[in-house]
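*Asks:* Got a structure here, written out as structure tokens. Questions coming.
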Amino acid sequence: MSERRLRRGSALLAAAAALAAILAPAHSHDQGGRSQTKPAEQHDHQRDHQATADHPFDDVEKWVRIFEAPERAAWQKPAEIPGALGVEPGMAVADIGAGTGYFGPHFSRAVGPEGVVYAVDLEPKMVAYMEERFRKEGLSNVRPQLGAADDPKLPQAGLDLIFLCDTYHHVSGRVEYIAKLGRALKSGGRVAIVDYHKRELPVGPPPEHKLAREQVISEFAEAGWVMTGERDLLPYQYVLIFAPR
């Protein structure tokens with residue numbers, strides 16, 4: 001059954017769609033239309049390309065199955081991310097492009113009851129899903145909220161850490177966007193970028209849809225920021241930490 005076509009996805013929604021393509025099992029079909037699973041290493045780049053352009057998000061249950069796939073944890077290491085980024089009790093953290101809230105429970109535990117996590121996404125149904133999810137899980141310190149393509153709508157000077165996973169390479173006008181992130185940081189606050197290495201990998205979009213680590217560093221430098229750290233944690237993604245000068 002065909003899905004209703006939603007409005008053109010914005011940059012951050014495209015990031016969520018790209019991640020969906022990454023995690024979805026690759027399939028081919030024989031002449032009888034039967035689905036045949038390919039090895040995970042043999043990713044369908046055409047499918048990835050389509051996902052980064054325009055994708056419906058009205059079937060939330062479908063995207064939950066994809067984003068929350070158990071095999072993702074083996075290479076994404078969500079439980080290790082908060083500690084690697086220095087998240088501590090009482091901090092305020094924003095997860096931009098949060099999708100189904102995949103990182104929410106991990107950041108919630110790290111900041112504790114005195115801290116807060118803003119889970120930002122552009123799709124209203126995803127935000128509604130996160131609201132229900134975190135209510136059921138009793139994570140009162142996680143606040144799902146709707147953002148905009150050109151504005152994460154974060155509290156001014158209110159955050160210790162802003163986190164973007166597999167999202168930054170889909171942001172348009174990135175240097176200007178970095179400035180908006182900076183206005184949301186407290187003194188001493190940081191931005192963490194997790195994104196794919198620009199080479200062939202068993203997961204992720206094709207190389208032409210990726211940003212090289214060096215380009216990310218260059219763009220933050222153009223915006224007047226400095227790289228304050230890097231974590232060698234993930235097998236397929238770089239983890240870069242930046243702060244305003």
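Letters A, B, ... mark the chains of the structure tokens in the order given; residue numbers begin at 1 per chain; ligand numbers begin at 1, in order shown.
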Counting only C-alpha atoms, what are the residues of region 60-98 of chain A within 12 Å of region 202-218 of chain A, and for each of them which pair of atoms is the nearest and at what distance in Å, to one decimal? Sort the table by chain and rising number, as a tab-separated table.
*Replies:*
```
residue	atom	partner	partner_atom	distance
A:Glu71	CA	A:Val203	CA	11.3
A:Arg72	CA	A:Val203	CA	9.7
A:Ala74	CA	A:Val203	CA	11.8
A:Trp75	CA	A:Val203	CA	9.3
A:Gln76	CA	A:Val203	CA	10.7
```
*Asks:* Near Leu185 (chain A), within 12 Å and counting only C-alpha atoms, which residues show up once chain neighbours fewer than 3 positions away are dropped, as a ChimeraX atom specification?
*Replies:* /A:91-94,154-163,178-182,188-191,242-244
*Asks:* Using only C-alpha atoms for the distances, tell me which of A:Pro152, A:Pro82, A:Gly115, A:Gly101 is nearest to Glu131 (chain A).
*Replies:*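 Among A:Pro152, A:Pro82, A:Gly115, A:Gly101, it is A:Gly101 that comes nearest to Glu131 (chain A).
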*Asks:* Between CA of Leu146 (chain A) and CA of Arg109 (chain A), what is the distance, to one decimal in Å?
*Replies:* 22.3 Å
*Asks:* Contacts of Tyr118 (chain A) at 6 Å or less, counting only C-alpha atoms, minus same-chain residues fewer than 3 places along, as number ranges by chain?
*Replies:* A: 94, 142-144
*Asks:* Give one line per residue of region 111-143 of chain A that approaches region 59-62 of chain A to at most 10 Å, naming the two atoms of the closest pair and their distance in Å to one decimal, counting only C-alpha atoms; sort by chain then ascending residue number and deliver it as JSON lines.
*Replies:*
```
{"residue": "A:Lys125", "atom": "CA", "partner": "A:Val60", "partner_atom": "CA", "distance": 7.1}
{"residue": "A:Met126", "atom": "CA", "partner": "A:Val60", "partner_atom": "CA", "distance": 6.9}
{"residue": "A:Ala128", "atom": "CA", "partner": "A:Val60", "partner_atom": "CA", "distance": 9.8}
{"residue": "A:Tyr129", "atom": "CA", "partner": "A:Val60", "partner_atom": "CA", "distance": 7.7}
```
*Asks:* Can you pull out every residue within 9 Å of Val127 (chain A), counting only C-alpha atoms, but drop anything in the same chain fewer than 6 positions away, and send it as a VMD selection string?
*Replies:* chain A and resid 98 to 101 119 to 121 144 to 146
*Asks:* Please save C-alpha atoms of the selected residues as a PDB file, in the first residue's frame.
*Replies:*
```
ATOM      1  CA  ALA A  98      15.964  13.050  18.082  1.00  0.00           C
ATOM      2  CA  GLY A  99      13.540  10.999  15.972  1.00  0.00           C
ATOM      3  CA  THR A 100      11.971   8.355  18.206  1.00  0.00           C
ATOM      4  CA  GLY A 101      14.042   9.432  21.200  1.00  0.00           C
ATOM      5  CA  ALA A 119      14.578  16.028  22.417  1.00  0.00           C
ATOM      6  CA  VAL A 120      14.080  18.121  19.271  1.00  0.00           C
ATOM      7  CA  ASP A 121      12.593  16.894  15.996  1.00  0.00           C
ATOM      8  CA  PRO A 144      10.264  16.514  23.434  1.00  0.00           C
ATOM      9  CA  GLN A 145       9.744  19.621  21.345  1.00  0.00           C
ATOM     10  CA  LEU A 146       9.148  20.644  17.754  1.00  0.00           C
TER      11      LEU A 146
END
```
*Asks:* Need the shell around Glu114 (chain A): protein/DNA/RNA residues with any atom at most 9 Å away, counting only C-alpha atoms. Skip same-chain ones fewer than 4 positions apart. Format as JSON, numbers by chain?
*Replies:* {"A": [89, 90, 91, 141]}
*Asks:* Where in region 67-211 of chain A does DSSP assign strand (DSSP E), given as a PyMOL selection string?
*Replies:* chain A and resi 92-96+116-121+142-146+159-165+185-196
*Asks:* Between A:His197, A:Tyr102, A:Ala69, A:Lys153, which one has atoms that come closest to Arg133 (chain A), using only C-alpha atoms?
*Replies:*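 Answer, going by the shortest atom-to-atom distance: A:Tyr102.
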*Asks:* Pick the closest to Ile193 (chain A) from A:Ile241, A:Ala148, A:Leu139, A:Ala79: which is it, counting only C-alpha atoms?
*Replies:*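 Using only C-alpha atoms, Ile193 (chain A) sits closest to A:Ile241.
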